[in-house]
Every structure is written in structure tokens, then in C-alpha cells.
file structure_21.pdb (PDB, C-alpha atoms and all ligand atoms)
ATOM      1  CA  MET A   1      16.244 -36.549  17.917
ATOM      2  CA  THR A   2      14.575 -36.812  14.519
ATOM      3  CA  ASP A   3      16.299 -37.361  11.210
ATOM      4  CA  ASP A   4      15.845 -33.662  10.547
ATOM      5  CA  ASP A   5      18.023 -32.828  13.519
ATOM      6  CA  ASP A   6      20.801 -35.170  12.548
ATOM      7  CA  LEU A   7      23.448 -32.971  10.969
ATOM      8  CA  SER A   8      25.311 -35.944   9.557
ATOM      9  CA  THR A   9      22.394 -36.839   7.264
ATOM     10  CA  ARG A  10      21.021 -33.398   6.548
ATOM     11  CA  ALA A  11      22.202 -31.825   3.332
ATOM     12  CA  PRO A  12      23.388 -28.233   3.750
ATOM     13  CA  VAL A  13      20.858 -25.733   2.439
ATOM     14  CA  VAL A  14      22.606 -22.867   0.703
ATOM     15  CA  GLU A  15      20.456 -19.757   0.953
ATOM     16  CA  ARG A  16      20.874 -16.467  -0.834
ATOM     17  CA  PRO A  17      22.416 -14.160   1.767
ATOM     18  CA  TRP A  18      20.765 -10.984   0.443
ATOM     19  CA  GLU A  19      17.392 -12.384   1.467
ATOM     20  CA  LEU A  20      18.299 -12.535   5.154
ATOM     21  CA  ALA A  21      19.069  -9.898   7.768
ATOM     22  CA  GLY A  22      22.731  -9.285   8.279
ATOM     23  CA  GLU A  23      25.550  -6.857   8.004
ATOM     24  CA  ALA A  24      28.428  -8.065   5.912
ATOM     25  CA  ASP A  25      31.917  -7.341   7.184
ATOM     26  CA  GLY A  26      35.410  -8.292   6.117
ATOM     27  CA  PHE A  27      35.213 -11.779   7.571
ATOM     28  CA  GLN A  28      34.273 -15.036   5.973
ATOM     29  CA  ARG A  29      32.328 -17.493   8.120
ATOM     30  CA  LEU A  30      33.222 -21.117   8.430
ATOM     31  CA  TRP A  31      30.142 -22.961   9.698
ATOM     32  CA  THR A  32      31.855 -25.703  11.603
ATOM     33  CA  PRO A  33      28.878 -28.095  11.910
ATOM     34  CA  HIS A  34      29.016 -28.630   8.189
ATOM     35  CA  ARG A  35      32.717 -27.852   7.829
ATOM     36  CA  MET A  36      32.162 -26.920   4.197
ATOM     37  CA  VAL A  37      29.789 -23.982   4.106
ATOM     38  CA  TYR A  38      31.342 -20.571   3.694
ATOM     39  CA  LEU A  39      29.442 -17.328   3.569
ATOM     40  CA  GLN A  40      30.925 -14.158   2.182
ATOM     41  CA  GLY A  41      29.634 -10.657   2.554
ATOM     42  CA  GLU A  42      27.678  -9.862  -0.576
ATOM     43  CA  ASP A  43      24.232  -8.760   0.502
ATOM     44  CA  LYS A  44      24.748  -5.086   1.094
ATOM     45  CA  PRO A  45      21.695  -3.263  -0.249
ATOM     46  CA  ALA A  46      22.270  -0.996  -3.196
ATOM     47  CA  ASP A  47      20.378   1.981  -1.760
ATOM     48  CA  ALA A  48      18.900   3.357   1.436
ATOM     49  CA  GLU A  49      15.240   2.830   0.575
ATOM     50  CA  ALA A  50      12.796   0.970   2.769
ATOM     51  CA  GLY A  51      11.074  -2.132   1.462
ATOM     52  CA  GLU A  52      12.407  -4.980  -0.638
ATOM     53  CA  GLN A  53      15.888  -3.476  -0.812
ATOM     54  CA  CYS A  54      16.255  -3.455   2.970
ATOM     55  CA  PRO A  55      16.882  -6.801   4.707
ATOM     56  CA  PHE A  56      15.576  -5.432   8.019
ATOM     57  CA  CYS A  57      12.289  -4.372   6.410
ATOM     58  CA  ARG A  58      12.013  -7.666   4.531
ATOM     59  CA  ALA A  59      12.794 -10.133   7.341
ATOM     60  CA  PRO A  60       9.502  -9.717   9.284
ATOM     61  CA  SER A  61       7.459 -10.656   6.205
ATOM     62  CA  ARG A  62       9.026 -14.119   6.204
ATOM     63  CA  SER A  63       8.250 -16.942   8.628
ATOM     64  CA  ASP A  64      10.297 -17.031  11.825
ATOM     65  CA  GLU A  65      12.279 -19.980  10.499
ATOM     66  CA  ASP A  66      12.927 -18.530   7.050
ATOM     67  CA  GLY A  67      13.675 -15.029   8.314
ATOM     68  CA  LEU A  68      15.743 -16.288  11.291
ATOM     69  CA  ILE A  69      13.471 -14.306  13.613
ATOM     70  CA  VAL A  70      13.734 -15.106  17.314
ATOM     71  CA  ALA A  71      10.872 -12.980  18.681
ATOM     72  CA  ARG A  72       8.391 -10.402  17.434
ATOM     73  CA  GLY A  73       7.227  -7.465  19.522
ATOM     74  CA  GLU A  74       4.655  -4.836  18.642
ATOM     75  CA  LEU A  75       7.112  -2.231  17.391
ATOM     76  CA  ALA A  76      10.397  -4.123  17.137
ATOM     77  CA  TYR A  77      11.702  -7.644  16.597
ATOM     78  CA  VAL A  78      14.733  -9.828  17.309
ATOM     79  CA  VAL A  79      16.590 -11.559  14.476
ATOM     80  CA  MET A  80      19.755 -13.630  14.127
ATOM     81  CA  ASN A  81      22.636 -11.820  12.432
ATOM     82  CA  LEU A  82      23.550 -13.684   9.261
ATOM     83  CA  TYR A  83      27.138 -12.533   9.873
ATOM     84  CA  PRO A  84      27.590 -13.280  13.577
ATOM     85  CA  TYR A  85      30.620 -12.168  15.545
ATOM     86  CA  ASN A  86      29.865 -15.020  17.925
ATOM     87  CA  THR A  87      27.327 -17.812  18.347
ATOM     88  CA  GLY A  88      24.063 -16.274  19.551
ATOM     89  CA  HIS A  89      24.654 -12.831  18.007
ATOM     90  CA  VAL A  90      21.203 -11.296  17.529
ATOM     91  CA  MET A  91      19.957  -7.872  16.467
ATOM     92  CA  VAL A  92      17.004  -5.902  17.828
ATOM     93  CA  CYS A  93      15.355  -3.796  15.103
ATOM     94  CA  PRO A  94      12.363  -1.496  14.957
ATOM     95  CA  TYR A  95       9.932  -2.512  12.200
ATOM     96  CA  ARG A  96      10.020   1.094  11.036
ATOM     97  CA  HIS A  97      12.744   2.011   8.556
ATOM     98  CA  VAL A  98      14.634   4.694  10.478
ATOM     99  CA  SER A  99      18.383   5.173  10.596
ATOM    100  CA  LEU A 100      19.092   6.968  13.872
ATOM    101  CA  TYR A 101      18.370   6.147  17.502
ATOM    102  CA  THR A 102      17.064   9.679  17.924
ATOM    103  CA  GLU A 103      14.343   8.960  15.360
ATOM    104  CA  LEU A 104      12.693   6.267  17.496
ATOM    105  CA  THR A 105       9.444   7.170  19.219
ATOM    106  CA  PRO A 106       9.370   6.793  23.021
ATOM    107  CA  ASP A 107       7.384   3.556  22.677
ATOM    108  CA  GLU A 108       9.853   2.139  20.148
ATOM    109  CA  THR A 109      12.758   3.131  22.394
ATOM    110  CA  ILE A 110      11.220   1.240  25.315
ATOM    111  CA  GLU A 111      10.505  -1.868  23.274
ATOM    112  CA  VAL A 112      13.987  -1.975  21.716
ATOM    113  CA  ALA A 113      15.432  -1.713  25.243
ATOM    114  CA  THR A 114      13.099  -4.351  26.679
ATOM    115  CA  LEU A 115      13.754  -6.809  23.842
ATOM    116  CA  THR A 116      17.494  -6.232  24.302
ATOM    117  CA  GLN A 117      17.246  -7.109  27.995
ATOM    118  CA  THR A 118      15.160 -10.210  27.271
ATOM    119  CA  ALA A 119      17.615 -11.288  24.553
ATOM    120  CA  MET A 120      20.459 -11.024  27.070
ATOM    121  CA  GLN A 121      18.549 -13.082  29.621
ATOM    122  CA  VAL A 122      17.607 -15.786  27.118
ATOM    123  CA  ILE A 123      21.109 -16.005  25.635
ATOM    124  CA  GLN A 124      22.548 -16.181  29.149
ATOM    125  CA  GLU A 125      20.095 -18.933  30.045
ATOM    126  CA  ILE A 126      20.749 -21.190  27.067
ATOM    127  CA  SER A 127      24.444 -20.551  26.525
ATOM    128  CA  GLY A 128      25.917 -19.369  29.819
ATOM    129  CA  ALA A 129      27.404 -16.266  28.197
ATOM    130  CA  GLN A 130      29.945 -14.604  30.472
ATOM    131  CA  GLY A 131      29.627 -11.121  29.027
ATOM    132  CA  PHE A 132      27.954  -9.091  26.294
ATOM    133  CA  ASN A 133      28.700  -6.368  23.805
ATOM    134  CA  ILE A 134      25.662  -4.258  22.974
ATOM    135  CA  GLY A 135      25.562  -1.374  20.608
ATOM    136  CA  MET A 136      24.343   0.426  17.543
ATOM    137  CA  ASN A 137      26.637   1.555  14.785
ATOM    138  CA  GLN A 138      24.950   4.545  13.202
ATOM    139  CA  GLY A 139      25.713   5.999   9.819
ATOM    140  CA  SER A 140      28.359   4.686   7.470
ATOM    141  CA  ALA A 141      30.949   6.722   9.364
ATOM    142  CA  GLY A 142      29.815   4.967  12.555
ATOM    143  CA  GLY A 143      30.532   1.588  11.046
ATOM    144  CA  ALA A 144      26.983   0.550  10.164
ATOM    145  CA  GLY A 145      26.939  -1.978   7.323
ATOM    146  CA  ILE A 146      23.277  -1.216   6.659
ATOM    147  CA  ALA A 147      23.053   2.371   7.834
ATOM    148  CA  ALA A 148      19.514   3.017   6.658
ATOM    149  CA  HIS A 149      17.714   0.764   9.161
ATOM    150  CA  LEU A 150      18.614   1.012  12.835
ATOM    151  CA  HIS A 151      19.564  -2.211  14.593
ATOM    152  CA  GLN A 152      21.009  -2.965  18.002
ATOM    153  CA  HIS A 153      23.633  -5.712  18.155
ATOM    154  CA  VAL A 154      23.575  -8.100  21.110
ATOM    155  CA  VAL A 155      26.773 -10.158  21.083
ATOM    156  CA  PRO A 156      27.416 -12.755  23.782
ATOM    157  CA  ARG A 157      31.005 -13.174  24.914
ATOM    158  CA  TRP A 158      32.942 -15.911  26.638
ATOM    159  CA  GLY A 159      36.418 -15.713  28.091
ATOM    160  CA  GLY A 160      38.885 -16.632  25.356
ATOM    161  CA  ASP A 161      36.260 -16.598  22.589
ATOM    162  CA  ALA A 162      38.448 -14.616  20.217
ATOM    163  CA  ASN A 163      41.003 -17.030  18.832
ATOM    164  CA  PHE A 164      43.672 -16.783  16.178
ATOM    165  CA  LEU A 165      41.395 -17.456  13.202
ATOM    166  CA  PRO A 166      40.009 -13.914  12.821
ATOM    167  CA  ILE A 167      43.551 -12.548  12.941
ATOM    168  CA  VAL A 168      45.332 -14.866  10.570
ATOM    169  CA  GLY A 169      42.538 -16.066   8.319
ATOM    170  CA  GLN A 170      39.874 -13.341   8.133
ATOM    171  CA  THR A 171      37.571 -16.207   9.062
ATOM    172  CA  LYS A 172      35.391 -16.861  12.065
ATOM    173  CA  ALA A 173      34.448 -20.382  13.098
ATOM    174  CA  LEU A 174      30.842 -20.762  14.268
ATOM    175  CA  PRO A 175      30.140 -23.985  16.151
ATOM    176  CA  GLU A 176      26.358 -23.946  15.738
ATOM    177  CA  LEU A 177      24.135 -23.341  12.723
ATOM    178  CA  LEU A 178      22.036 -20.173  12.766
ATOM    179  CA  SER A 179      18.800 -22.107  12.355
ATOM    180  CA  ASP A 180      19.630 -24.242  15.395
ATOM    181  CA  THR A 181      20.587 -21.226  17.515
ATOM    182  CA  ARG A 182      17.420 -19.425  16.431
ATOM    183  CA  ARG A 183      15.263 -22.364  17.467
ATOM    184  CA  ARG A 184      16.906 -22.643  20.895
ATOM    185  CA  LEU A 185      16.497 -18.918  21.540
ATOM    186  CA  ALA A 186      12.888 -18.860  20.332
ATOM    187  CA  GLU A 187      11.988 -21.850  22.511
ATOM    188  CA  ALA A 188      13.514 -20.210  25.579
ATOM    189  CA  TRP A 189      11.932 -16.797  24.856
ATOM    190  CA  PRO A 190       9.322 -15.914  27.512
ATOM    191  CA  ALA A 191       5.733 -15.919  26.249
TER     192      ALA A 191
HETATM  193 ZN    ZN B 201      14.412  -1.054   6.463
END

call {"tool": "encode", "arguments": {"input": "structure_21.pdb", "output": "C-alpha cells", "more": "lines below"}}
Ligand SMILES: [Zn+2]
result
Amino acid sequence: MTDDDDLSTRAPVVERPWELAGEADGFQRLWTPHRMVYLQGEDKPADAEAGEQCPFCRAPSRSDEDGLIVARGELAYVVMNLYPYNTGHVMVCPYRHVSLYTELTPDETIEVATLTQTAMQVIQEISGAQGFNIGMNQGSAGGAGIAAHLHQHVVPRWGGDANFLPIVGQTKALPELLSDTRRRLAEAWPA
């Protein structure tokens, strides 16, 4: 372990949430490794345009570490959700700015599916997940926080993982930092 890995000596880095990929919801996050860092939903893009306004268009232009990207395919990529429902919650997104599953080309459809399967396998391998929720919320009426750019959620589940905090506190406790989870997933991702 290097000094960089030692959470007790590493100062928390507070990033601007609107620069990372994520879908804000009603929950606050309590990042338990630092005990002090809260993140509130405030990065919802103002419009439906592609480009700088869209966190899913912007993420691939950053480094893997800065953009919290786990793996890059030819037509789609895998990124940590800045607002995870659980530790290891990733999203599979086409690079192309499309809003509906029916707008994907056949090749994009295959790669989104393949990356989803690999994400499940890697998450299972490093975390022993006991179940998964996978899905795409489409359109604002379908519950999509960022409706303009399609993204498939891959959420690992463990028996008893939903505790009282989300119910009484509108807060989820995350026992591992996103950057650490990203690194473990990326290292376990098949070449
Ligand atoms: Zn986009």
C-alpha cells in the first residue's frame, strides 16, 4: 500500500458533480470512507443537447480516472454512476447521443449487451454480488434523470443491502469510494 492508498492520510478531493456522469435522485450520499463527504443531486443538465451539456457525452473525453470510466468499447463504454444505488453501480452507455433503446444500431445493441454481461461478471468476481438489477429508464416519464442520452444501469445486490438509512434519512451509505471501485473493476476487466 502506498501513501496514496491510505485513506487516513489522503485529503478528500471535492469534485464538481456536473462534470461527471451520473443521474441525480432524491438521495444524498454519505461516503463512509471519509465520513464527511456528502454529495447532493445538482448536476442535471439544463437541456437535451449533445456535447458539453451532456455528462454521458463528456465523460469519454476525460481520462479513465477523471471520468470514472471502467472500460471503453468501440461503440459504447462503462462508467461509474456518480449517484450509486449500491457499491459497484455502473452504467453502460453508447458514445452516440441517443435517447431510446430503439435508436441503437444493431452493432451498438450488441456491444451494450456484451459490456453489460462483462460488467456483471467483473462485479461478481470482485465483490461476490448475489444478484443484479439491470435496466434502462427511458424518457422523463420512465424515470430517466438524464433522458437525452441512453444508459443501462447495472446495480449489484446483496441480501439485506437495503437498510433503514434510505427510508428514514434520504441518505445512502457507500462503503467504498468511487475512484477505488473504478480501479478494482478496471483492473479485473478482461483485456
Ligand atoms: Zn449525450

call {"tool": "atom_distance", "arguments": {"input": "structure_21.pdb", "atom1": "atom CA of A:Arg72", "atom2": "atom CA of A:Val90"}}
result
12.8 Å

call {"tool": "closest_atom_pairs", "arguments": {"input": "structure_21.pdb", "of": "chain A", "to": "ligand ZN 201 (chain B)", "cutoff": "6 Å", "atoms": "all atoms listed in the file", "output": "tab-separated table"}}
result
residue	atom	partner	partner_atom	distance
A:Ala50	CA	B:ZN201	ZN	4.5
A:Cys54	CA	B:ZN201	ZN	4.6
A:Phe56	CA	B:ZN201	ZN	4.8
A:Cys57	CA	B:ZN201	ZN	3.9
A:His97	CA	B:ZN201	ZN	4.1
A:His149	CA	B:ZN201	ZN	4.6

call {"tool": "write_last_selection", "arguments": {"input": "structure_21.pdb", "atoms": "C-alpha atoms", "output": "PDB file, keeping the file's coordinate frame"}}
result
ATOM      1  CA  ALA A  50      12.796   0.970   2.769  1.00  0.00           C
ATOM      2  CA  CYS A  54      16.255  -3.455   2.970  1.00  0.00           C
ATOM      3  CA  PHE A  56      15.576  -5.432   8.019  1.00  0.00           C
ATOM      4  CA  CYS A  57      12.289  -4.372   6.410  1.00  0.00           C
ATOM      5  CA  HIS A  97      12.744   2.011   8.556  1.00  0.00           C
ATOM      6  CA  HIS A 149      17.714   0.764   9.161  1.00  0.00           C
TER       7      HIS A 149
END

call {"tool": "atom_distance", "arguments": {"input": "structure_21.pdb", "atom1": "atom CA of A:Gly88", "atom2": "atom CA of A:Glu49"}}
result
28.3 Å

call {"tool": "atom_distance", "arguments": {"input": "structure_21.pdb", "atom1": "atom CA of A:Leu100", "atom2": "atom CA of A:Asn137"}}
result
9.3 Å

call {"tool": "resolve_selection", "arguments": {"input": "structure_21.pdb", "expression": "the PyMOL selection byres (((chain A and resi 86) around 7) and not hetatm)", "output": "JSON, numbers by chain"}}
result
{"A": [84, 85, 87, 88, 89, 155, 156, 174]}

call {"tool": "residues_around", "arguments": {"input": "structure_21.pdb", "residues": "A:His153", "least_positions_apart": "2", "cutoff": "8 Å", "atoms": "all atoms listed in the file", "output": "ChimeraX atom specification"}}
result
/A:89-92,133-136,151,155

call {"tool": "resolve_selection", "arguments": {"input": "structure_21.pdb", "expression": "the PyMOL selection byres (((chain A and resi 99) around 8) and not hetatm)", "output": "PyMOL selection string"}}
result
chain A and resi 97-98+100-101+103+138-139+147-150

call {"tool": "axis_aligned_box", "arguments": {"input": "structure_21.pdb", "around": "stretch 63-82 of chain A", "padding_each_side": "4 Å", "output": "JSON"}}
result
{"center_x": 14.1, "center_y": -11.1, "center_z": 13.3, "size_x": 26.9, "size_y": 25.7, "size_z": 20.5}

call {"tool": "resolve_selection", "arguments": {"input": "structure_21.pdb", "expression": "the PyMOL selection byres (((chain A and resi 181) around 10) and not hetatm)", "output": "list in words"}}
result
Leu68, Val70, Met80, Thr87, Gly88, His89, Val90, Ile123, Ile126, Ser127, Glu176, Leu177, Leu178, Ser179, Asp180, Arg182, Arg183, Arg184, Leu185, Ala186 and Glu187 of chain A

call {"tool": "residues_around", "arguments": {"input": "structure_21.pdb", "residues": "stretch 105-117 of chain A", "least_positions_apart": "5", "cutoff": "9 Å", "atoms": "only C-alpha atoms", "output": "list of chain:residue names"}}
result
A:Ala71, A:Gly73, A:Glu74, A:Leu75, A:Ala76, A:Tyr77, A:Val78, A:Met91, A:Val92, A:Cys93, A:Pro94, A:Val122, A:Ile134, A:Gln152, A:His153, A:Val154

call {"tool": "closest_residue", "arguments": {"input": "structure_21.pdb", "among": "A:Ala129, A:Ala191, A:Val79, A:Ile69", "to": "A:Gly159", "atoms": "all atoms listed in the file"}}
result
A:Ala129

call {"tool": "decode", "arguments": {"input": "structure_21.pdb", "residues": "stretch 52-63 of chain A", "atoms": "all heavy atoms", "output": "PDB file, in the first residue's frame"}}
result
ATOM      1  N   GLU A  52     -21.133  19.340 -24.544  1.00  0.00           N
ATOM      2  CA  GLU A  52     -20.670  19.731 -23.219  1.00  0.00           C
ATOM      3  C   GLU A  52     -21.768  19.686 -22.165  1.00  0.00           C
ATOM      4  O   GLU A  52     -21.497  19.479 -20.994  1.00  0.00           O
ATOM      5  CB  GLU A  52     -20.062  21.141 -23.282  1.00  0.00           C
ATOM      6  CG  GLU A  52     -18.660  21.164 -23.860  1.00  0.00           C
ATOM      7  CD  GLU A  52     -17.693  20.273 -23.070  1.00  0.00           C
ATOM      8  OE1 GLU A  52     -17.497  20.533 -21.872  1.00  0.00           O
ATOM      9  OE2 GLU A  52     -17.165  19.318 -23.644  1.00  0.00           O
ATOM     10  N   GLN A  53     -23.015  19.882 -22.589  1.00  0.00           N
ATOM     11  CA  GLN A  53     -24.117  19.877 -21.635  1.00  0.00           C
ATOM     12  C   GLN A  53     -24.426  18.481 -21.111  1.00  0.00           C
ATOM     13  O   GLN A  53     -25.063  18.322 -20.094  1.00  0.00           O
ATOM     14  CB  GLN A  53     -25.382  20.451 -22.299  1.00  0.00           C
ATOM     15  CG  GLN A  53     -25.454  21.955 -22.294  1.00  0.00           C
ATOM     16  CD  GLN A  53     -25.710  22.509 -20.897  1.00  0.00           C
ATOM     17  OE1 GLN A  53     -26.529  21.992 -20.154  1.00  0.00           O
ATOM     18  NE2 GLN A  53     -24.987  23.554 -20.539  1.00  0.00           N
ATOM     19  N   CYS A  54     -23.998  17.457 -21.858  1.00  0.00           N
ATOM     20  CA  CYS A  54     -24.417  16.089 -21.531  1.00  0.00           C
ATOM     21  C   CYS A  54     -23.273  15.336 -20.850  1.00  0.00           C
ATOM     22  O   CYS A  54     -22.218  15.132 -21.454  1.00  0.00           O
ATOM     23  CB  CYS A  54     -24.844  15.362 -22.805  1.00  0.00           C
ATOM     24  SG  CYS A  54     -25.206  13.610 -22.506  1.00  0.00           S
ATOM     25  N   PRO A  55     -23.467  14.899 -19.594  1.00  0.00           N
ATOM     26  CA  PRO A  55     -22.372  14.223 -18.897  1.00  0.00           C
ATOM     27  C   PRO A  55     -21.965  12.907 -19.545  1.00  0.00           C
ATOM     28  O   PRO A  55     -20.814  12.491 -19.414  1.00  0.00           O
ATOM     29  CB  PRO A  55     -22.927  13.998 -17.482  1.00  0.00           C
ATOM     30  CG  PRO A  55     -24.401  14.169 -17.599  1.00  0.00           C
ATOM     31  CD  PRO A  55     -24.652  15.077 -18.755  1.00  0.00           C
ATOM     32  N   PHE A  56     -22.886  12.270 -20.274  1.00  0.00           N
ATOM     33  CA  PHE A  56     -22.547  10.992 -20.917  1.00  0.00           C
ATOM     34  C   PHE A  56     -21.780  11.202 -22.224  1.00  0.00           C
ATOM     35  O   PHE A  56     -21.048  10.323 -22.660  1.00  0.00           O
ATOM     36  CB  PHE A  56     -23.803  10.161 -21.161  1.00  0.00           C
ATOM     37  CG  PHE A  56     -24.498   9.761 -19.888  1.00  0.00           C
ATOM     38  CD1 PHE A  56     -25.723  10.317 -19.553  1.00  0.00           C
ATOM     39  CD2 PHE A  56     -23.921   8.850 -19.022  1.00  0.00           C
ATOM     40  CE1 PHE A  56     -26.355   9.970 -18.366  1.00  0.00           C
ATOM     41  CE2 PHE A  56     -24.543   8.502 -17.835  1.00  0.00           C
ATOM     42  CZ  PHE A  56     -25.773   9.064 -17.509  1.00  0.00           C
ATOM     43  N   CYS A  57     -21.960  12.357 -22.851  1.00  0.00           N
ATOM     44  CA  CYS A  57     -21.116  12.713 -23.999  1.00  0.00           C
ATOM     45  C   CYS A  57     -19.744  13.170 -23.526  1.00  0.00           C
ATOM     46  O   CYS A  57     -18.736  12.921 -24.177  1.00  0.00           O
ATOM     47  CB  CYS A  57     -21.751  13.844 -24.802  1.00  0.00           C
ATOM     48  SG  CYS A  57     -23.155  13.346 -25.797  1.00  0.00           S
ATOM     49  N   ARG A  58     -19.696  13.851 -22.389  1.00  0.00           N
ATOM     50  CA  ARG A  58     -18.466  14.481 -21.923  1.00  0.00           C
ATOM     51  C   ARG A  58     -17.501  13.477 -21.296  1.00  0.00           C
ATOM     52  O   ARG A  58     -16.283  13.602 -21.453  1.00  0.00           O
ATOM     53  CB  ARG A  58     -18.823  15.566 -20.906  1.00  0.00           C
ATOM     54  CG  ARG A  58     -17.719  16.560 -20.650  1.00  0.00           C
ATOM     55  CD  ARG A  58     -18.281  17.715 -19.836  1.00  0.00           C
ATOM     56  NE  ARG A  58     -19.131  17.234 -18.751  1.00  0.00           N
ATOM     57  CZ  ARG A  58     -20.258  17.826 -18.373  1.00  0.00           C
ATOM     58  NH1 ARG A  58     -20.675  18.899 -18.963  1.00  0.00           N
ATOM     59  NH2 ARG A  58     -20.973  17.338 -17.370  1.00  0.00           N
ATOM     60  N   ALA A  59     -18.042  12.477 -20.585  1.00  0.00           N
ATOM     61  CA  ALA A  59     -17.188  11.570 -19.807  1.00  0.00           C
ATOM     62  C   ALA A  59     -16.078  10.920 -20.644  1.00  0.00           C
ATOM     63  O   ALA A  59     -14.922  10.871 -20.193  1.00  0.00           O
ATOM     64  CB  ALA A  59     -18.037  10.501 -19.121  1.00  0.00           C
ATOM     65  N   PRO A  60     -16.377  10.416 -21.867  1.00  0.00           N
ATOM     66  CA  PRO A  60     -15.310   9.719 -22.607  1.00  0.00           C
ATOM     67  C   PRO A  60     -14.148  10.610 -23.011  1.00  0.00           C
ATOM     68  O   PRO A  60     -13.073  10.100 -23.321  1.00  0.00           O
ATOM     69  CB  PRO A  60     -16.035   9.191 -23.857  1.00  0.00           C
ATOM     70  CG  PRO A  60     -17.470   9.160 -23.492  1.00  0.00           C
ATOM     71  CD  PRO A  60     -17.666  10.306 -22.555  1.00  0.00           C
ATOM     72  N   SER A  61     -14.318  11.926 -22.994  1.00  0.00           N
ATOM     73  CA  SER A  61     -13.212  12.811 -23.369  1.00  0.00           C
ATOM     74  C   SER A  61     -12.233  13.007 -22.215  1.00  0.00           C
ATOM     75  O   SER A  61     -11.159  13.565 -22.396  1.00  0.00           O
ATOM     76  CB  SER A  61     -13.759  14.168 -23.822  1.00  0.00           C
ATOM     77  OG  SER A  61     -14.335  14.851 -22.730  1.00  0.00           O
ATOM     78  N   ARG A  62     -12.601  12.546 -21.034  1.00  0.00           N
ATOM     79  CA  ARG A  62     -11.692  12.653 -19.889  1.00  0.00           C
ATOM     80  C   ARG A  62     -10.869  11.369 -19.776  1.00  0.00           C
ATOM     81  O   ARG A  62     -11.169  10.364 -20.419  1.00  0.00           O
ATOM     82  CB  ARG A  62     -12.492  12.879 -18.614  1.00  0.00           C
ATOM     83  CG  ARG A  62     -13.506  14.013 -18.727  1.00  0.00           C
ATOM     84  CD  ARG A  62     -14.231  14.243 -17.427  1.00  0.00           C
ATOM     85  NE  ARG A  62     -13.388  14.963 -16.481  1.00  0.00           N
ATOM     86  CZ  ARG A  62     -13.743  15.214 -15.223  1.00  0.00           C
ATOM     87  NH1 ARG A  62     -14.896  14.796 -14.751  1.00  0.00           N
ATOM     88  NH2 ARG A  62     -12.932  15.871 -14.421  1.00  0.00           N
ATOM     89  N   SER A  63      -9.854  11.375 -18.928  1.00  0.00           N
ATOM     90  CA  SER A  63      -9.101  10.151 -18.675  1.00  0.00           C
ATOM     91  C   SER A  63     -10.008   9.171 -17.933  1.00  0.00           C
ATOM     92  O   SER A  63     -11.040   9.559 -17.368  1.00  0.00           O
ATOM     93  CB  SER A  63      -7.870  10.454 -17.826  1.00  0.00           C
ATOM     94  OG  SER A  63      -8.267  10.783 -16.507  1.00  0.00           O
TER      95      SER A  63
END
